[in-house]
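Heads up, the thing below is written out as C-alpha cells.
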Amino acid sequence: MIKVENLRKTFGTKVAVNDISFEVHPGEVLGFLGPNGAGKSTTMRIVTGFIAPTAGHASVCGFDVVANPIEAKRRIGYLPEAAPSYGEMTVEGFLGWAADMRGLTGQTRLTAIGDAVDACSLQGVLRQQIDTLSKGFRHRTCLAQAILHDPEVLILDEPTDGLDPNQKHEVRQLIRRMSEKKTIIFSTHILEEVEEACTRAIIIDGGNIVANGTPAELKSRAVNAGAVLARFASSEGDAARARIASLDGVARVEVAHSDASGVLLRAFPSGTDRGDVLAARVVAELAASGHAPLAISSEAGRLDDVFRAITHSDIHHSRGGRA
Amino acid sequence: MSGLPAIRAIARREIGQYFGSPVAYVFLVIFLLLAGILTFTFGAFFERGEASLASFFTWIPWLFLFLVPAVGMRMWAEERRAGTWELLLTLPVTAGQAILGKFLASWLFLALALALTFPFWLTVNWLGQPDNGVIVAGYVGCWLLGGAYLAITCMTSSFTRNQVVAFIIAVVICLLLILAGFTPITDLLSRYLSPDWVDAFASFGVMTHFDGFAKGVLQVRSLVYFGSVMALALLVTAAVIRNRRS
C-alpha cells in the first residue's frame with residue numbers, strides 16, 4: 001500500500017506540492033488527475049524516491065521512502081513520464097539489465113523477462129535497438145521494465161501517453177488485470193481512462209487535492225449530473241419548456257441544443273428527485289399535457305465538466321467553482 | 001554487500017555502452033596513435049639511448065588531460081539529458097552504488113587502453129634490458145592518474161546535462177592539478193615563496209606524485225594523494241546526485 005501524509009515540495013519559491021495526503025490500498029487503482037504543472041509528477045517522483053520531499057512523509061508497504069529508500073524501491077515498479085530508456089540498448093538487453101538491477105537471477109529472471117515481454121507485446125522487437133523503435137514500443141519497453149519484478153506497487157506516470165487507441169486500450173486492460181493484487185497509481189489527462197480503469201480518482205490542482213472519490217462520486221459533482229434531457233419537434237419546444245419548468249422538483253430548463261430537426265431541452269433538478277426518477281415524472285407530465293417528447297434521457301454528469309469546474313491552475317487558487 | 005550485483009550490472013551496462021557506440025573505438029585508436037607518435041618522435045625515444053618507457057610516461061598527463069574527460073563526460077550528463085537517471089535512481093540502488101558502478105566501468109576501460117600499449121613495452125624489451133619494475137610502477141601511476149581525472153570528470157558530468165560543459169570544466173580542473181606541480185610553475189613560484197611553501201603547493205599537483213611512479217618509486221603519500229582525489233570527487237558527485245531536483 002501507499003501512504004502519503006502532508007507531502008510538500010518547493011523548488012525555490014515555487015510550490016510544486018503544497019499539502020497532499022492520501023492512501024492507496026492493494027486492489028485499488030488510483031487515478032491521478034490534474035492540469036499540467038498541478039503537482040502530479042512531483043508527487044509520484046517523491047513516492048518513488050527520485051526526489052526528496054521538503055516536508056511530510058511518504059511510505060510504500062510500510063517503508064518510508066526517505067528513511068528506507070532501498071526497501072521501498074524494491075516494492076515499486078515505476079514508469080516515469082516520457083518513459084525514458086537507454087536508447088543504444090536492445091529491448092532484450094535493457095530488460096535483462098533491469099532484471100539484474102532488481103537482483104533477479106537464473107530461471108526467475110528469464111521467466112520475469114518473458115512475462116513482461118508477453119504482457120507488453122514486445123516479442124517482435126526484442127533484438128532491436130530501442131532508439132530505432134516507434135514511440136509506442138519505446139513506451140511499452142519502459143512499462144515492461146516497471147512490471148518485470150511483479151511489484152506490489154505500480155506507479156505509472158501517463159502510461160498511455162503517445163499510444164494509439166488500440167494500444168491505450170491494451171494498457172488499460174493490463175492495468176485492470178494487475179489491479180487485483182497490486183496497489184496502483186497512474187496519472188492521465190484522459191478522463192475516460194479514469195472511468196475505465198480506476199476504482200478511485202484524485203484531482204490535484206495547484207499542489208493540493210481538490211477532489212477525491214470514486215469516478216461515479218466525482219461525476220455526480222458535475223452541474224449536469226442528474227439533469228434530464230428531452231428532445232422535441234421545433235414547434236413543440238416552447239410549450240414543452242413551459243410545462244417542464246412548472247413541474248415541482250425542476251429548478252430551471254435550458255435549451256441545450258436547437259436546430260432544424262428539433263430542440264433539446266435540459267431540466268435541472270431542484271430537489272432530491274434526480275436523473276431517472278426526475279425523467280419519469282417529466283414523461284408523466286408531458287403525456288398528460290399532450291407534448292410527447294421524441295426522446296428522453298438522464299445525465300450522469302461528465303468528469304470533463306467536474307475537472308474544468310474545480311481546476312484553475314492557470315488562474316491560481318479559488319476552488320469549488322461552479323460545482 | 002547487497003549492492004554488489006547492482007554495481008556489477010551498472011558497470012557492465014556502461015562498458016557495453018562504450019563498445020556499443022563508436023566512443024570506445026575512436027578513443028582507443030586516437031589514444032594509441034597519439035601515444036605512439038608522442039613517445040617515438042616527440043618523446044625522443046631513440047635519442048635517449050636508454051631502454052625505458054620514460055618518453056611514454058612523460059606525455060601521459062597531457063594526453064589524458066583531453067582524452068579522459070572525453071571518456072567520462074557522458075557518465076551523468078547524458079543520463080540527465082535523456083531523463084534515464086529517473087529510471088536508474090528509482091531502482092533499488094543507492095547513489096553511491098550507481099556512481100561506483102559507472103566509475104569502475106570507465107576506469108576498467110582506461111586499464112584496457114593502457115594494456116593495449118603493450119607493443120611499446122615489447123619494443124623496449126626487444127631493444128634493450130629495461131627495468132620492468134619501473135615500467136610496472138609507471139603503468140600503475142598512469143592508471144591512478146587516469147582514475148583521478150575520471151573521478152573529476154564524473155563529478156563535472158553530474159553538474160550539468162550538457163556533455164561539452166562537463167568536458168570543459170573537467171579539463172580546466174585537471175589542468176590546474178597539472179600546473180600546481182608542473183616544474184615551470186614551481187620554478188616561477190620559488191622566486192617568491194619559501195621552498196616549504198612551494199613544496200606544499202606542488203604536493204597538491206598530480207605531477208609531483210605521478211613523476212614518482214614514472215621513476216619507479218611507489219610512495220605511500222602518492223597513493224594516498226590519488227586515492228583522496230578520487231574519493232573527494234566521487235563524494236562530491238554523490239552529494240550532487242543526492243540533491244537532485246528533477
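Chain identifiers are assigned as A, B, and so on, following the order in which chains appear in the C-alpha cells; residues are numbered from 1 within each chain, and ligands are numbered from 1 in order of appearance.
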* **Close residues, A:Pro53 itself excluded, 8 Å, only C-alpha atoms, min 6 positions apart in chain, as a list in words** =>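 These residues fall inside the cut-off: Leu7, Arg8, Lys9 and Ile46 of chain A.
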* **At most 9 Å to chain A: residues in chain B, only C-alpha atoms, as a PyMOL selection string** => chain B and resi 5-10+12-13+16-17+20-21+79+82-87+89-94+242-246
Which residues, written as a tab-separated table (two decimals) with N, CA, C and O atoms, in the first residue's frame, have at least one atom at most 10 Å from A:Leu191, with only C-alpha atoms counted and residues fewer than 2 positions away on the same chain left out?
chain	number	residue	atom	x	y	z
A	31	GLY	N	-6.55	6.93	-9.83
A	31	GLY	CA	-6.28	7.80	-10.97
A	31	GLY	C	-5.86	9.17	-10.46
A	31	GLY	O	-6.50	9.72	-9.57
A	33	LEU	N	-5.44	12.92	-11.45
A	33	LEU	CA	-5.82	13.87	-12.48
A	33	LEU	C	-5.37	15.26	-12.09
A	33	LEU	O	-5.17	15.54	-10.92
A	188	THR	N	-3.06	10.65	-15.64
A	188	THR	CA	-3.54	10.73	-17.03
A	188	THR	C	-4.22	12.07	-17.27
A	188	THR	O	-4.61	12.77	-16.33
A	189	HIS	N	-4.30	12.41	-18.55
A	189	HIS	CA	-5.09	13.58	-18.93
A	189	HIS	C	-6.40	13.14	-19.56
A	189	HIS	O	-7.24	13.95	-19.89
A	193	GLU	N	-10.33	7.39	-19.33
A	193	GLU	CA	-9.44	6.38	-18.80
A	193	GLU	C	-9.72	6.13	-17.32
A	193	GLU	O	-9.63	5.01	-16.83
A	194	VAL	N	-10.04	7.20	-16.64
A	194	VAL	CA	-10.31	7.10	-15.21
A	194	VAL	C	-11.54	6.23	-14.98
A	194	VAL	O	-11.56	5.36	-14.12
A	195	GLU	N	-12.56	6.46	-15.82
A	195	GLU	CA	-13.79	5.67	-15.66
A	195	GLU	C	-13.55	4.22	-16.02
A	195	GLU	O	-14.11	3.31	-15.43
A	196	GLU	N	-12.66	4.01	-17.00
A	196	GLU	CA	-12.45	2.65	-17.48
A	196	GLU	C	-11.57	1.84	-16.53
A	196	GLU	O	-11.79	0.65	-16.37
A	215	PRO	N	-15.01	7.38	-9.41
A	215	PRO	CA	-15.39	8.13	-10.61
A	215	PRO	C	-16.87	8.53	-10.58
A	215	PRO	O	-17.22	9.65	-10.97
A	302	ARG	N	-20.48	14.58	-16.45
A	302	ARG	CA	-19.24	14.22	-17.14
A	302	ARG	C	-18.03	14.66	-16.32
A	302	ARG	O	-18.02	15.76	-15.77
A	303	LEU	N	-17.03	13.77	-16.24
A	303	LEU	CA	-15.81	14.10	-15.50
A	303	LEU	C	-15.16	15.37	-16.03
A	303	LEU	O	-14.61	16.16	-15.29
A	304	ASP	N	-15.24	15.51	-17.35
A	304	ASP	CA	-14.73	16.71	-18.01
A	304	ASP	C	-15.21	17.99	-17.34
A	304	ASP	O	-14.43	18.90	-17.07
A	307	PHE	N	-13.88	18.32	-13.84
A	307	PHE	CA	-12.47	18.68	-13.93
A	307	PHE	C	-12.30	20.17	-14.20
A	307	PHE	O	-11.57	20.88	-13.53
* To do: Please identify all polymer residues within 12 Å of A:Ala260, counting only C-alpha atoms, omitting same-chain residues fewer than 6 positions from it, and present them as a ChimeraX atom specification.
  => /A:232-235,237
Please save all heavy atoms of the selected residues as a PDB file, in the first residue's frame.
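Saved file again-v5.pdb follows:
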ATOM      1  N   PHE A 232     -37.659  17.543 -28.521  1.00  0.00           N
ATOM      2  CA  PHE A 232     -38.988  17.793 -29.084  1.00  0.00           C
ATOM      3  C   PHE A 232     -38.870  18.307 -30.503  1.00  0.00           C
ATOM      4  O   PHE A 232     -37.819  18.834 -30.891  1.00  0.00           O
ATOM      5  CB  PHE A 232     -39.722  18.860 -28.250  1.00  0.00           C
ATOM      6  CG  PHE A 232     -39.939  18.455 -26.829  1.00  0.00           C
ATOM      7  CD1 PHE A 232     -38.988  18.761 -25.860  1.00  0.00           C
ATOM      8  CD2 PHE A 232     -41.076  17.744 -26.459  1.00  0.00           C
ATOM      9  CE1 PHE A 232     -39.181  18.377 -24.548  1.00  0.00           C
ATOM     10  CE2 PHE A 232     -41.266  17.360 -25.147  1.00  0.00           C
ATOM     11  CZ  PHE A 232     -40.325  17.669 -24.182  1.00  0.00           C
ATOM     12  N   ALA A 233     -39.986  18.179 -31.247  1.00  0.00           N
ATOM     13  CA  ALA A 233     -40.033  18.828 -32.551  1.00  0.00           C
ATOM     14  C   ALA A 233     -39.997  20.337 -32.303  1.00  0.00           C
ATOM     15  O   ALA A 233     -40.444  20.806 -31.250  1.00  0.00           O
ATOM     16  CB  ALA A 233     -41.333  18.446 -33.271  1.00  0.00           C
ATOM     17  N   SER A 234     -39.424  21.094 -33.273  1.00  0.00           N
ATOM     18  CA  SER A 234     -39.236  22.532 -33.062  1.00  0.00           C
ATOM     19  C   SER A 234     -40.517  23.238 -32.643  1.00  0.00           C
ATOM     20  O   SER A 234     -40.518  24.126 -31.778  1.00  0.00           O
ATOM     21  CB  SER A 234     -38.695  23.167 -34.343  1.00  0.00           C
ATOM     22  OG  SER A 234     -37.510  22.525 -34.721  1.00  0.00           O
ATOM     23  N   SER A 235     -41.659  22.836 -33.234  1.00  0.00           N
ATOM     24  CA  SER A 235     -42.927  23.510 -32.962  1.00  0.00           C
ATOM     25  C   SER A 235     -43.402  23.291 -31.524  1.00  0.00           C
ATOM     26  O   SER A 235     -44.116  24.110 -30.958  1.00  0.00           O
ATOM     27  CB  SER A 235     -43.995  23.001 -33.950  1.00  0.00           C
ATOM     28  OG  SER A 235     -44.038  21.581 -33.839  1.00  0.00           O
ATOM     29  N   GLY A 237     -41.383  22.931 -28.894  1.00  0.00           N
ATOM     30  CA  GLY A 237     -40.354  23.348 -27.951  1.00  0.00           C
ATOM     31  C   GLY A 237     -40.816  24.285 -26.858  1.00  0.00           C
ATOM     32  O   GLY A 237     -40.664  23.976 -25.672  1.00  0.00           O
TER      33      GLY A 237
END
* Structure fact -> Of B:Leu179, B:Leu63, B:Ala51, B:Val224, the one sitting nearest B:Pro130 when using only C-alpha atoms is B:Ala51
* To do: Any chance you could list, as a PyMOL selection string, the residues in stretch 44-139 of chain A that come up helix (DSSP H, G or I) when DSSP is run on the backbone?
  => chain A and resi 44-47+69-74+91-101+106-119+123-125+130-132+135-139
* Do you know which residues are at most 12 Å from B:Phe109 counting only C-alpha atoms, after dropping those on the same chain fewer than 4 positions away, and could you put them as a ChimeraX atom specification? -> /B:11-12,14-19,23-25,27-28,68,71-72,102-105,113-116,143,146-147,150
* Write out as a VMD selection string each polymer residue whose atoms come within 10 Å of B:Thr160, counting only C-alpha atoms; drop sequence neighbours fewer than 4 positions from it. => chain B and resid 73 to 74 76 to 78 80 to 81 155 to 156 164 to 166
Please save all heavy atoms of the selected residues as an mmCIF file, in the first residue's frame.
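File selection-v5.cif, as written:
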data_model
loop_
_atom_site.group_PDB
_atom_site.id
_atom_site.type_symbol
_atom_site.label_atom_id
_atom_site.label_comp_id
_atom_site.auth_asym_id
_atom_site.auth_seq_id
_atom_site.Cartn_x
_atom_site.Cartn_y
_atom_site.Cartn_z
ATOM 1 N N MET B 73 32.779 12.227 -19.860
ATOM 2 C CA MET B 73 31.867 13.374 -19.858
ATOM 3 C C MET B 73 30.387 12.980 -19.932
ATOM 4 O O MET B 73 29.527 13.685 -19.429
ATOM 5 C CB MET B 73 32.206 14.332 -20.993
ATOM 6 C CG MET B 73 32.014 13.763 -22.372
ATOM 7 S SD MET B 73 32.578 14.944 -23.619
ATOM 8 C CE MET B 73 32.138 14.081 -25.122
ATOM 9 N N ARG B 74 30.111 11.802 -20.522
ATOM 10 C CA ARG B 74 28.687 11.471 -20.671
ATOM 11 C C ARG B 74 28.134 10.742 -19.452
ATOM 12 O O ARG B 74 26.923 10.567 -19.333
ATOM 13 C CB ARG B 74 28.453 10.642 -21.938
ATOM 14 C CG ARG B 74 29.118 9.285 -21.940
ATOM 15 C CD ARG B 74 28.686 8.492 -23.150
ATOM 16 N NE ARG B 74 27.278 8.144 -23.096
ATOM 17 C CZ ARG B 74 26.551 7.800 -24.161
ATOM 18 N NH1 ARG B 74 27.092 7.795 -25.342
ATOM 19 N NH2 ARG B 74 25.296 7.456 -24.016
ATOM 20 N N TRP B 76 27.187 11.135 -16.370
ATOM 21 C CA TRP B 76 25.918 11.587 -15.769
ATOM 22 C C TRP B 76 25.185 12.588 -16.643
ATOM 23 O O TRP B 76 23.955 12.645 -16.624
ATOM 24 C CB TRP B 76 26.175 12.193 -14.379
ATOM 25 C CG TRP B 76 26.485 11.142 -13.390
ATOM 26 C CD1 TRP B 76 27.725 10.804 -12.912
ATOM 27 C CD2 TRP B 76 25.567 10.224 -12.789
ATOM 28 N NE1 TRP B 76 27.618 9.744 -12.057
ATOM 29 C CE2 TRP B 76 26.319 9.366 -11.956
ATOM 30 C CE3 TRP B 76 24.192 10.041 -12.874
ATOM 31 C CZ2 TRP B 76 25.742 8.345 -11.218
ATOM 32 C CZ3 TRP B 76 23.607 9.028 -12.136
ATOM 33 C CH2 TRP B 76 24.378 8.192 -11.318
ATOM 34 N N ALA B 77 25.932 13.375 -17.414
ATOM 35 C CA ALA B 77 25.281 14.409 -18.219
ATOM 36 C C ALA B 77 24.249 13.789 -19.166
ATOM 37 O O ALA B 77 23.139 14.297 -19.325
ATOM 38 C CB ALA B 77 26.331 15.187 -19.005
ATOM 39 N N GLU B 78 24.627 12.650 -19.759
ATOM 40 C CA GLU B 78 23.723 12.005 -20.710
ATOM 41 C C GLU B 78 22.504 11.426 -19.988
ATOM 42 O O GLU B 78 21.387 11.494 -20.492
ATOM 43 C CB GLU B 78 24.499 10.914 -21.467
ATOM 44 C CG GLU B 78 23.689 10.090 -22.432
ATOM 45 C CD GLU B 78 23.103 10.907 -23.580
ATOM 46 O OE1 GLU B 78 23.547 12.054 -23.786
ATOM 47 O OE2 GLU B 78 22.191 10.397 -24.253
ATOM 48 N N ARG B 80 21.183 12.631 -17.366
ATOM 49 C CA ARG B 80 20.329 13.768 -17.029
ATOM 50 C C ARG B 80 19.573 14.257 -18.257
ATOM 51 O O ARG B 80 18.382 14.534 -18.190
ATOM 52 C CB ARG B 80 21.177 14.918 -16.471
ATOM 53 C CG ARG B 80 21.787 14.611 -15.126
ATOM 54 C CD ARG B 80 22.500 15.814 -14.562
ATOM 55 N NE ARG B 80 21.577 16.900 -14.293
ATOM 56 C CZ ARG B 80 21.808 17.887 -13.453
ATOM 57 N NH1 ARG B 80 22.949 17.936 -12.799
ATOM 58 N NH2 ARG B 80 20.926 18.827 -13.254
ATOM 59 N N ARG B 81 20.295 14.349 -19.385
ATOM 60 C CA ARG B 81 19.668 14.873 -20.596
ATOM 61 C C ARG B 81 18.533 13.956 -21.058
ATOM 62 O O ARG B 81 17.458 14.403 -21.401
ATOM 63 C CB ARG B 81 20.706 15.014 -21.710
ATOM 64 C CG ARG B 81 20.215 15.805 -22.922
ATOM 65 C CD ARG B 81 21.095 15.559 -24.134
ATOM 66 N NE ARG B 81 21.167 14.157 -24.488
ATOM 67 C CZ ARG B 81 20.219 13.490 -25.129
ATOM 68 N NH1 ARG B 81 19.127 14.110 -25.504
ATOM 69 N NH2 ARG B 81 20.358 12.212 -25.384
ATOM 70 N N MET B 155 32.461 13.898 -11.617
ATOM 71 C CA MET B 155 31.892 14.986 -10.815
ATOM 72 C C MET B 155 31.338 16.094 -11.708
ATOM 73 O O MET B 155 30.186 16.504 -11.556
ATOM 74 C CB MET B 155 32.980 15.531 -9.891
ATOM 75 C CG MET B 155 32.586 16.738 -9.085
ATOM 76 S SD MET B 155 33.963 17.336 -8.077
ATOM 77 C CE MET B 155 34.933 18.222 -9.292
ATOM 78 N N THR B 156 32.148 16.560 -12.674
ATOM 79 C CA THR B 156 31.675 17.666 -13.513
ATOM 80 C C THR B 156 30.492 17.215 -14.371
ATOM 81 O O THR B 156 29.609 17.993 -14.686
ATOM 82 C CB THR B 156 32.788 18.214 -14.433
ATOM 83 O OG1 THR B 156 33.199 17.180 -15.329
ATOM 84 C CG2 THR B 156 33.983 18.678 -13.640
ATOM 85 N N VAL B 164 29.402 18.794 -23.252
ATOM 86 C CA VAL B 164 30.501 19.688 -23.618
ATOM 87 C C VAL B 164 30.923 20.521 -22.402
ATOM 88 O O VAL B 164 32.115 20.687 -22.121
ATOM 89 C CB VAL B 164 30.091 20.608 -24.795
ATOM 90 C CG1 VAL B 164 31.212 21.568 -25.128
ATOM 91 C CG2 VAL B 164 29.737 19.767 -26.003
ATOM 92 N N VAL B 165 29.936 21.015 -21.671
ATOM 93 C CA VAL B 165 30.239 21.783 -20.456
ATOM 94 C C VAL B 165 30.995 20.894 -19.463
ATOM 95 O O VAL B 165 32.011 21.303 -18.880
ATOM 96 C CB VAL B 165 28.935 22.319 -19.828
ATOM 97 C CG1 VAL B 165 29.222 22.967 -18.482
ATOM 98 C CG2 VAL B 165 28.273 23.313 -20.768
ATOM 99 N N ALA B 166 30.516 19.660 -19.294
ATOM 100 C CA ALA B 166 31.183 18.732 -18.382
ATOM 101 C C ALA B 166 32.631 18.518 -18.801
ATOM 102 O O ALA B 166 33.543 18.527 -17.967
ATOM 103 C CB ALA B 166 30.437 17.390 -18.360
#
